[in-house]
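Trainee: This one is final11.txt, compact mmCIF, C-alpha atoms.
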# COMPACT_ATOMS: atom_id res chain seq x y z
CA MET I 1 -0.74 12.69 13.50
CA THR I 2 1.94 12.66 10.78
CA ALA I 3 0.56 13.39 7.31
CA VAL I 4 0.72 10.33 5.04
CA ALA I 5 0.43 9.94 1.26
CA GLY I 6 -0.24 6.67 -0.56
CA VAL I 7 1.79 5.33 -3.49
CA VAL I 8 0.97 2.31 -5.64
CA LEU I 9 3.95 0.95 -7.54
CA ALA I 10 2.73 -0.13 -10.98
CA ALA I 11 5.78 0.38 -13.21
CA GLY I 12 7.09 -3.18 -13.43
CA GLU I 13 7.25 -5.28 -16.57
CA GLY I 14 5.90 -8.43 -14.94
CA GLN I 15 8.45 -10.64 -16.70
CA ARG I 16 7.56 -13.72 -14.64
CA LEU I 17 3.94 -13.40 -15.79
CA ARG I 18 4.82 -13.47 -19.48
CA PRO I 19 3.31 -14.07 -21.97
CA LEU I 20 0.25 -12.62 -20.16
CA THR I 21 2.06 -9.31 -19.70
CA ALA I 22 3.36 -9.04 -23.25
CA THR I 23 0.58 -6.60 -24.10
CA VAL I 24 -0.96 -5.77 -20.69
CA PRO I 25 0.94 -4.33 -17.71
CA LYS I 26 0.94 -6.57 -14.65
CA ALA I 27 -0.92 -3.95 -12.62
CA LEU I 28 -3.92 -4.21 -14.97
CA CYS I 29 -4.17 -8.00 -14.89
CA PRO I 30 -7.55 -8.77 -13.30
CA VAL I 31 -8.03 -10.69 -10.08
CA GLY I 32 -11.64 -11.48 -9.32
CA ASN I 33 -12.59 -9.34 -12.36
CA LEU I 34 -10.91 -6.25 -10.88
CA PRO I 35 -7.47 -5.06 -12.04
CA LEU I 36 -4.77 -5.53 -9.41
CA LEU I 37 -4.17 -1.79 -9.44
CA ASP I 38 -7.78 -1.15 -8.46
CA HIS I 39 -7.49 -3.57 -5.55
CA ALA I 40 -4.59 -1.46 -4.25
CA LEU I 41 -6.39 1.84 -4.80
CA ARG I 42 -9.47 0.48 -3.03
CA ARG I 43 -7.36 -0.56 -0.05
CA LEU I 44 -5.83 2.92 0.21
CA ALA I 45 -9.29 4.48 -0.11
CA GLY I 46 -10.36 2.34 2.84
CA LEU I 47 -7.75 4.23 4.85
CA GLY I 48 -9.06 7.60 3.67
CA LEU I 49 -6.36 8.00 1.02
CA ALA I 50 -7.94 8.82 -2.34
CA GLY I 51 -7.54 11.37 -5.12
CA PRO I 52 -4.46 12.93 -6.75
CA ALA I 53 -3.57 15.03 -3.72
CA THR I 54 -3.05 12.01 -1.50
CA VAL I 55 -2.48 8.99 -3.79
CA ALA I 56 0.07 8.52 -6.57
CA VAL I 57 0.65 5.72 -9.08
CA ASN I 58 3.89 5.27 -10.99
CA ALA I 59 4.06 3.79 -14.47
CA ALA I 60 6.77 2.79 -16.92
CA TYR I 61 6.10 -0.44 -18.82
CA LEU I 62 3.13 0.12 -21.17
CA ALA I 63 2.66 3.34 -19.24
CA ASP I 64 -0.04 4.70 -21.54
CA GLN I 65 -2.39 1.92 -20.43
CA ILE I 66 -1.79 2.74 -16.75
CA VAL I 67 -2.26 6.47 -17.37
CA THR I 68 -5.55 5.91 -19.22
CA HIS I 69 -6.83 3.49 -16.60
CA VAL I 70 -6.01 5.71 -13.62
CA GLY I 71 -7.31 8.92 -15.19
CA ASP I 72 -7.84 11.58 -12.53
CA ARG I 73 -8.13 9.13 -9.64
CA ALA I 74 -4.50 9.57 -8.60
CA HIS I 75 -1.37 11.60 -9.29
CA LEU I 76 0.64 9.89 -12.05
CA SER I 77 4.40 9.58 -12.23
CA VAL I 78 5.63 8.24 -15.57
CA GLU I 79 9.18 6.90 -15.80
CA PRO I 80 9.95 7.60 -19.48
CA ASP I 81 13.12 5.52 -19.80
CA GLY I 82 11.74 2.37 -18.22
CA PRO I 83 11.25 1.18 -14.63
CA ILE I 84 13.74 2.51 -12.08
CA GLY I 85 12.87 0.12 -9.28
CA THR I 86 10.79 0.53 -6.17
CA SER I 87 13.25 2.96 -4.59
CA GLY I 88 13.79 5.03 -7.73
CA GLY I 89 10.03 5.19 -8.28
CA VAL I 90 9.44 6.64 -4.81
CA ALA I 91 12.38 9.03 -5.22
CA ARG I 92 10.89 10.40 -8.44
CA LEU I 93 7.77 11.31 -6.44
CA ARG I 94 9.68 13.33 -3.81
CA PRO I 95 8.34 16.75 -4.89
CA TRP I 96 4.79 15.41 -4.71
CA ILE I 97 5.32 13.62 -1.37
CA ASP I 98 6.67 16.93 -0.03
CA GLY I 99 7.52 16.13 3.57
CA ARG I 100 4.86 13.53 4.20
CA GLY I 101 5.29 9.93 5.21
CA VAL I 102 4.40 7.54 2.42
CA LEU I 103 2.48 4.26 2.50
CA VAL I 104 3.85 2.31 -0.46
CA GLY I 105 1.99 -0.68 -1.88
CA ASN I 106 2.93 -3.07 -4.66
CA ALA I 107 0.25 -3.32 -7.33
CA ASP I 108 0.84 -7.06 -7.66
CA ALA I 109 0.02 -7.79 -4.01
CA TYR I 110 -3.20 -9.73 -3.44
CA LEU I 111 -4.47 -9.29 0.11
CA HIS I 112 -7.63 -10.65 1.68
CA ASP I 113 -8.79 -10.56 5.29
CA PRO I 114 -12.10 -12.38 5.85
CA PHE I 115 -12.87 -10.27 8.90
CA ARG I 116 -11.90 -6.76 7.77
CA ASP I 117 -12.67 -4.64 4.73
CA PRO I 118 -9.82 -3.49 2.45
CA GLY I 119 -8.02 -0.67 4.19
CA LYS I 120 -9.22 -1.67 7.63
CA ASP I 121 -7.13 -4.82 7.26
CA ILE I 122 -3.88 -2.80 7.11
CA ALA I 123 -4.92 0.06 9.42
CA ALA I 124 -2.34 -1.13 11.96
CA MET I 125 0.31 0.25 9.58
CA LEU I 126 -0.78 3.77 10.54
CA ASP I 127 -1.98 3.27 14.13
CA ASP I 128 0.06 5.33 16.61
CA TRP I 129 2.82 5.87 14.07
CA SER I 130 5.53 8.24 15.31
CA GLY I 131 6.42 9.39 11.81
CA GLU I 132 10.02 8.32 12.40
CA THR I 133 10.12 4.55 11.97
CA VAL I 134 9.86 2.37 8.88
CA ARG I 135 7.01 -0.09 9.04
CA MET I 136 6.53 -3.22 6.95
CA LEU I 137 3.44 -5.38 6.57
CA THR I 138 4.54 -8.97 7.09
CA LYS I 139 3.64 -12.64 7.22
CA PRO I 140 5.75 -15.45 8.70
CA CYS I 141 8.43 -16.79 6.37
CA PHE I 142 7.66 -20.10 4.71
CA PRO I 143 9.27 -23.13 6.41
CA GLY I 144 12.85 -23.51 5.24
CA ASP I 145 13.05 -20.00 3.77
CA THR I 146 16.12 -17.94 4.55
CA GLY I 147 16.35 -14.18 4.52
CA GLY I 148 13.33 -12.15 5.44
CA PHE I 149 13.20 -9.90 8.46
CA SER I 150 13.38 -11.60 11.85
CA GLY I 151 11.62 -14.63 10.44
CA ARG I 152 8.97 -12.64 8.61
CA ARG I 153 8.45 -11.76 4.94
CA PHE I 154 7.17 -8.64 3.22
CA ALA I 155 3.42 -8.65 2.52
CA GLY I 156 2.90 -5.91 -0.02
CA PHE I 157 2.95 -2.60 1.90
CA SER I 158 5.54 -0.51 3.71
CA LEU I 159 5.36 2.84 5.50
CA ILE I 160 8.33 5.14 5.03
CA PRO I 161 9.00 8.39 6.92
CA TRP I 162 10.03 11.52 5.06
CA ARG I 163 13.52 11.42 6.59
CA TYR I 164 14.15 8.24 4.59
CA VAL I 165 12.34 9.41 1.44
CA GLN I 166 14.28 12.66 1.21
CA ASP I 167 17.58 10.79 0.81
CA LEU I 168 16.45 8.44 -1.95
CA ALA I 169 18.13 8.82 -5.34
CA GLU I 170 16.23 8.76 -8.62
CA VAL I 171 18.22 5.80 -9.92
CA ASP I 172 17.36 2.15 -10.50
CA SER I 173 17.29 0.66 -7.03
CA ASN I 174 14.97 -1.13 -4.62
CA LEU I 175 13.55 -0.36 -1.20
CA VAL I 176 15.14 -3.47 0.31
CA ARG I 177 18.59 -1.95 -0.16
CA THR I 178 17.83 1.74 0.36
CA VAL I 179 15.23 1.67 3.15
CA TRP I 180 14.35 -1.67 4.74
CA ARG I 181 17.81 -3.06 5.45
CA PRO I 182 19.23 0.31 6.61
CA ALA I 183 16.19 0.77 8.88
CA GLU I 184 16.65 -2.73 10.25
CA ALA I 185 20.32 -2.05 10.99
CA ALA I 186 19.43 1.23 12.74
CA GLY I 187 16.70 -0.34 14.86
CA ASP I 188 14.07 1.70 13.00
CA LEU I 189 12.14 -1.17 11.40
CA GLU I 190 8.77 -2.16 12.84
CA LEU I 191 7.16 -5.37 11.55
CA ILE I 192 3.36 -5.27 11.39
CA ALA I 193 1.60 -8.63 11.17
CA TYR I 194 -1.02 -9.16 8.47
CA GLU I 195 -3.73 -11.50 9.68
CA GLY I 196 -5.22 -12.36 6.28
CA LEU I 197 -3.99 -14.00 3.08
CA TYR I 198 -1.17 -12.44 1.09
CA LEU I 199 -0.11 -13.61 -2.36
CA ASP I 200 2.51 -12.14 -4.66
CA THR I 201 0.81 -12.61 -8.03
CA GLY I 202 4.10 -12.49 -9.94
CA THR I 203 3.88 -15.97 -11.51
CA PRO I 204 1.03 -17.55 -13.49
CA ALA I 205 0.51 -20.14 -10.76
CA ASP I 206 0.25 -17.53 -8.01
CA TYR I 207 -1.89 -15.29 -10.21
CA LEU I 208 -4.29 -18.18 -10.82
CA GLU I 209 -4.31 -18.98 -7.09
CA ALA I 210 -5.29 -15.41 -6.26
CA ASN I 211 -8.18 -15.55 -8.72
CA LEU I 212 -9.39 -18.89 -7.43
CA HIS I 213 -9.28 -17.51 -3.91
CA ALA I 214 -11.38 -14.55 -5.04
CA ALA I 215 -13.87 -16.99 -6.56
CA ALA I 216 -14.09 -18.78 -3.19
CA GLY I 217 -14.88 -22.16 -4.73
CA ARG I 218 -17.66 -20.81 -6.92
CA VAL I 219 -17.96 -19.30 -10.39
CA LEU I 220 -17.33 -15.58 -10.23
CA ALA I 221 -18.77 -14.26 -13.47
CA ASP I 222 -19.26 -10.81 -14.92
CA PRO I 223 -22.97 -10.26 -15.70
CA SER I 224 -22.18 -10.26 -19.42
CA ALA I 225 -20.43 -13.64 -19.32
CA ARG I 226 -22.27 -16.54 -20.98
CA ILE I 227 -22.10 -20.21 -20.03
CA THR I 228 -23.73 -22.70 -22.38
CA GLY I 229 -21.38 -25.48 -21.29
CA GLU I 230 -20.01 -25.97 -17.78
CA ALA I 231 -17.88 -23.78 -15.51
CA THR I 232 -16.53 -24.75 -12.09
CA GLU I 233 -14.43 -22.74 -9.59
CA SER I 234 -13.54 -20.12 -12.20
CA VAL I 235 -13.46 -16.39 -12.82
CA LEU I 236 -15.18 -15.26 -16.02
CA GLY I 237 -14.61 -11.74 -17.27
CA ALA I 238 -16.87 -9.47 -19.30
CA GLU I 239 -18.22 -10.88 -22.58
CA THR I 240 -16.63 -14.29 -22.02
CA LEU I 241 -18.22 -17.41 -23.47
CA VAL I 242 -17.91 -20.96 -22.12
CA GLU I 243 -19.35 -23.50 -24.58
CA GLY I 244 -17.21 -26.41 -23.43
CA SER I 245 -15.97 -26.72 -19.85
CA ALA I 246 -13.76 -24.52 -17.69
CA THR I 247 -12.47 -25.77 -14.34
CA ARG I 248 -10.28 -23.62 -12.06
CA CYS I 249 -9.73 -21.12 -14.86
CA VAL I 250 -9.45 -17.38 -15.32
CA LEU I 251 -11.01 -16.03 -18.51
CA TRP I 252 -10.07 -12.48 -19.33
CA PRO I 253 -12.70 -10.22 -20.92
CA GLY I 254 -13.68 -11.52 -24.34
CA ALA I 255 -12.14 -14.99 -23.90
CA HIS I 256 -13.85 -18.04 -25.38
CA VAL I 257 -13.82 -21.75 -24.48
CA THR I 258 -15.10 -23.65 -27.49
CA ALA I 259 -17.60 -26.49 -27.37
CA THR I 260 -14.91 -29.11 -27.93
CA GLU I 261 -12.60 -27.87 -25.18
CA SER I 262 -12.13 -28.94 -21.58
CA LEU I 263 -9.92 -26.26 -20.03
CA THR I 264 -8.43 -26.84 -16.58
CA ASP I 265 -6.05 -24.80 -14.38
CA ALA I 266 -5.50 -22.19 -17.05
CA ILE I 267 -5.63 -18.49 -17.85
CA ARG I 268 -7.04 -17.45 -21.23
CA THR I 269 -7.17 -14.04 -22.90
CA ALA I 270 -9.43 -12.65 -25.62
CA THR I 271 -6.79 -13.41 -28.25
CA GLY I 272 -6.86 -17.10 -27.39
CA LEU I 273 -3.54 -16.98 -25.52
CA THR I 274 -3.71 -19.77 -22.95
CA VAL I 275 -1.32 -20.19 -20.03
CA LYS I 276 -1.65 -23.46 -18.14
CA THR I 277 -0.26 -23.87 -14.63
Please render this file's structure as structure tokens.

Mentor:
Amino acid sequence: MTAVAGVVLAAGEGQRLRPLTATVPKALCPVGNLPLLDHALRRLAGLGLAGPATVAVNAAYLADQIVTHVGDRAHLSVEPDGPIGTSGGVARLRPWIDGRGVLVGNADAYLHDPFRDPGKDIAAMLDDWSGETVRMLTKPCFPGDTGGFSGRRFAGFSLIPWRYVQDLAEVDSNLVRTVWRPAEAAGDLELIAYEGLYLDTGTPADYLEANLHAAAGRVLADPSARITGEATESVLGAETLVEGSATRCVLWPGAHVTATESLTDAIRTATGLTVKT
């Protein structure tokens, strides 16, 4: 079997998620009280990919927070002059990848399969892989959407052989242009169906949707969260306090809903920043 390394792309600025990402990198925004980055690392671990010899994380925007959060759990690649795109980020890791294939996941991808544990749900990406083709995890395109790949859309992970990685340049570019489209044109692209839910959490609305899905219609609360008012279908982080009411909300650690408030369809941080969707 071809040796494979895992890479989680966590360098992006998350501009569409602003102002939530003004002080926190997108990869550390919590979904279901777990940072998005940790969801990705857990999925790779479910495939047997864990530790700095086999998993890497790149960082650029607010990189110090990513570096501190990851610690010694993965190899770290810091892009000092700002993000250089998905392709440039993988290219910068070439010496570490060192001849292996690479399973690349976007930190902002929210995946959930009700029938398979994280990792097992994307195991088809590696099954019987020749080590020569490019594979992409996919879902059907939304009705009316154009583009995509043979009527399917990217769902957060791609598998790239070394022969493609070795030619990538360490410049600002994306994998669509440097790998996926060339592989498609060469007949080297294999589309792997994902059977579960995939959400790109790039906008506040999609980020809230991912959290509400994680809550599964209930209140998902950290043990230190306190509710003296009412909470419904919400995710409550550590040390949060709901004195009023919170409905379909995400409260980041330390957030507070006062006794006079009725908060609905919103994300709130410890500083009081509130983003309504």

Trainee: What is the CA of Glu13 (chain I) to CA of Gly88 (chain I) distance in Å?

Mentor: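 So the answer is 15.1 Å.
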
Trainee: Counting all atoms listed in the file, figure out which residue out of I:Leu93, I:Leu199, I:Ile84, I:Glu233 gets nearest to Lys139 (chain I).

Mentor: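 Ranked by minimum distance to Lys139 (chain I), first place goes to I:Leu199.
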
Trainee: Suppose you want the space between CA of Gly254 (chain I) and CA of Ser224 (chain I); what is it in Å?

Mentor: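 Interatomic distance, CA of Gly254 (chain I) to CA of Ser224 (chain I): 9.9 Å.
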
Trainee: With a distance cut-off of 7 Å and only C-alpha atoms, select the neighbouring residues of Leu241 (chain I), excluding the residue or stretch itself and same-chain residues fewer than 3 positions from it, and output the selection as a PyMOL selection string.

Mentor: chain I and resi 225-227+255-257

Trainee: Per residue of region 127-239 of chain I within 12 Å of region 43-54 of chain I, which atom pair is closest and at what distance in Å (one decimal), using only C-alpha atoms, listed by chain and increasing number, as JSON lines?

Mentor:
{"residue": "I:Asp127", "atom": "CA", "partner": "I:Leu47", "partner_atom": "CA", "distance": 11.0}
{"residue": "I:Gly156", "atom": "CA", "partner": "I:Arg43", "partner_atom": "CA", "distance": 11.6}
{"residue": "I:Phe157", "atom": "CA", "partner": "I:Leu44", "partner_atom": "CA", "distance": 10.5}

Trainee: So, counting only C-alpha atoms, which residue among I:Leu111, I:Ala183, I:Cys29, I:Leu263 is closest to Glu230 (chain I)?

Mentor: I:Leu263

Trainee: Distance CA of Gly6 (chain I)-CA of Val104 (chain I), one decimal place?

Mentor: 6.0 Å

Trainee: Which of these residues is nearest to Arg94 (chain I), using all atoms listed in the file: I:Pro114, I:Pro223, I:Pro161, I:Pro35?

Mentor: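 Using all atoms listed in the file, the shortest distance to Arg94 (chain I) belongs to I:Pro161.
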
Trainee: If you count all atoms listed in the file, which residues fall within 12 Å of Pro25 (chain I), apart from same-chain ones fewer than 6 positions away, as number ranges by chain?

Mentor: I: 9-19, 35-37, 59-67, 69, 107-108, 202

Trainee: Got a sec: who's within 12 Å of Tyr207 (chain I), counting all atoms listed in the file, leaving out chain neighbours fewer than 3 positions off, as JSON, numbers by chain?

Mentor: {"I": [14, 16, 17, 18, 20, 21, 26, 27, 29, 30, 31, 32, 35, 36, 108, 109, 110, 198, 199, 200, 201, 202, 203, 204, 210, 211, 212, 213, 214, 235, 248, 249, 250, 265, 266, 267, 275, 276, 277]}

Trainee: Point out the residue among I:Thr274, I:Ser245, I:Asn58, I:Thr133 with the least atom-to-atom distance to Thr260 (chain I), counting all atoms listed in the file.

Mentor: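 Selected residue with least distance to Thr260 (chain I): I:Ser245.
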
Trainee: Which is closer to Glu209 (chain I) than all the others in I:Ala3, I:Ser130, I:Leu197, I:Glu190, using all atoms listed in the file?

Mentor: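 Answer, going by the shortest atom-to-atom distance: I:Leu197.
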
Trainee: Quick one: residues within 10 Å of region 172-179 of chain I, only C-alpha atoms, excluding same-chain residues fewer than 6 positions away - as an NGL selection string?

Mentor: :I and (82-91 or 134 or 154 or 158 or 160-161 or 164-165 or 188-189)

Trainee: Kindly list the centre and edge lengths in Å, rounded to one decimal, for the axis-aligned box that covers all listed atoms of region 118-127 of chain I plus 4 Å on each of its six sides, as AutoDock Vina command-line options.

Mentor:
--center_x -4.8 --center_y -0.5 --center_z 8.3 --size_x 18.1 --size_y 16.6 --size_z 19.7

Trainee: What's the 8 Å shell around Met125 (chain I), counting all atoms listed in the file, without same-chain residues fewer than 5 positions away, as a list of chain:residue names?

Mentor: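 Listed by chain and then number, they are I:Arg135, I:Met136, I:Leu137, I:Ser158, I:Leu159, I:Ile192.
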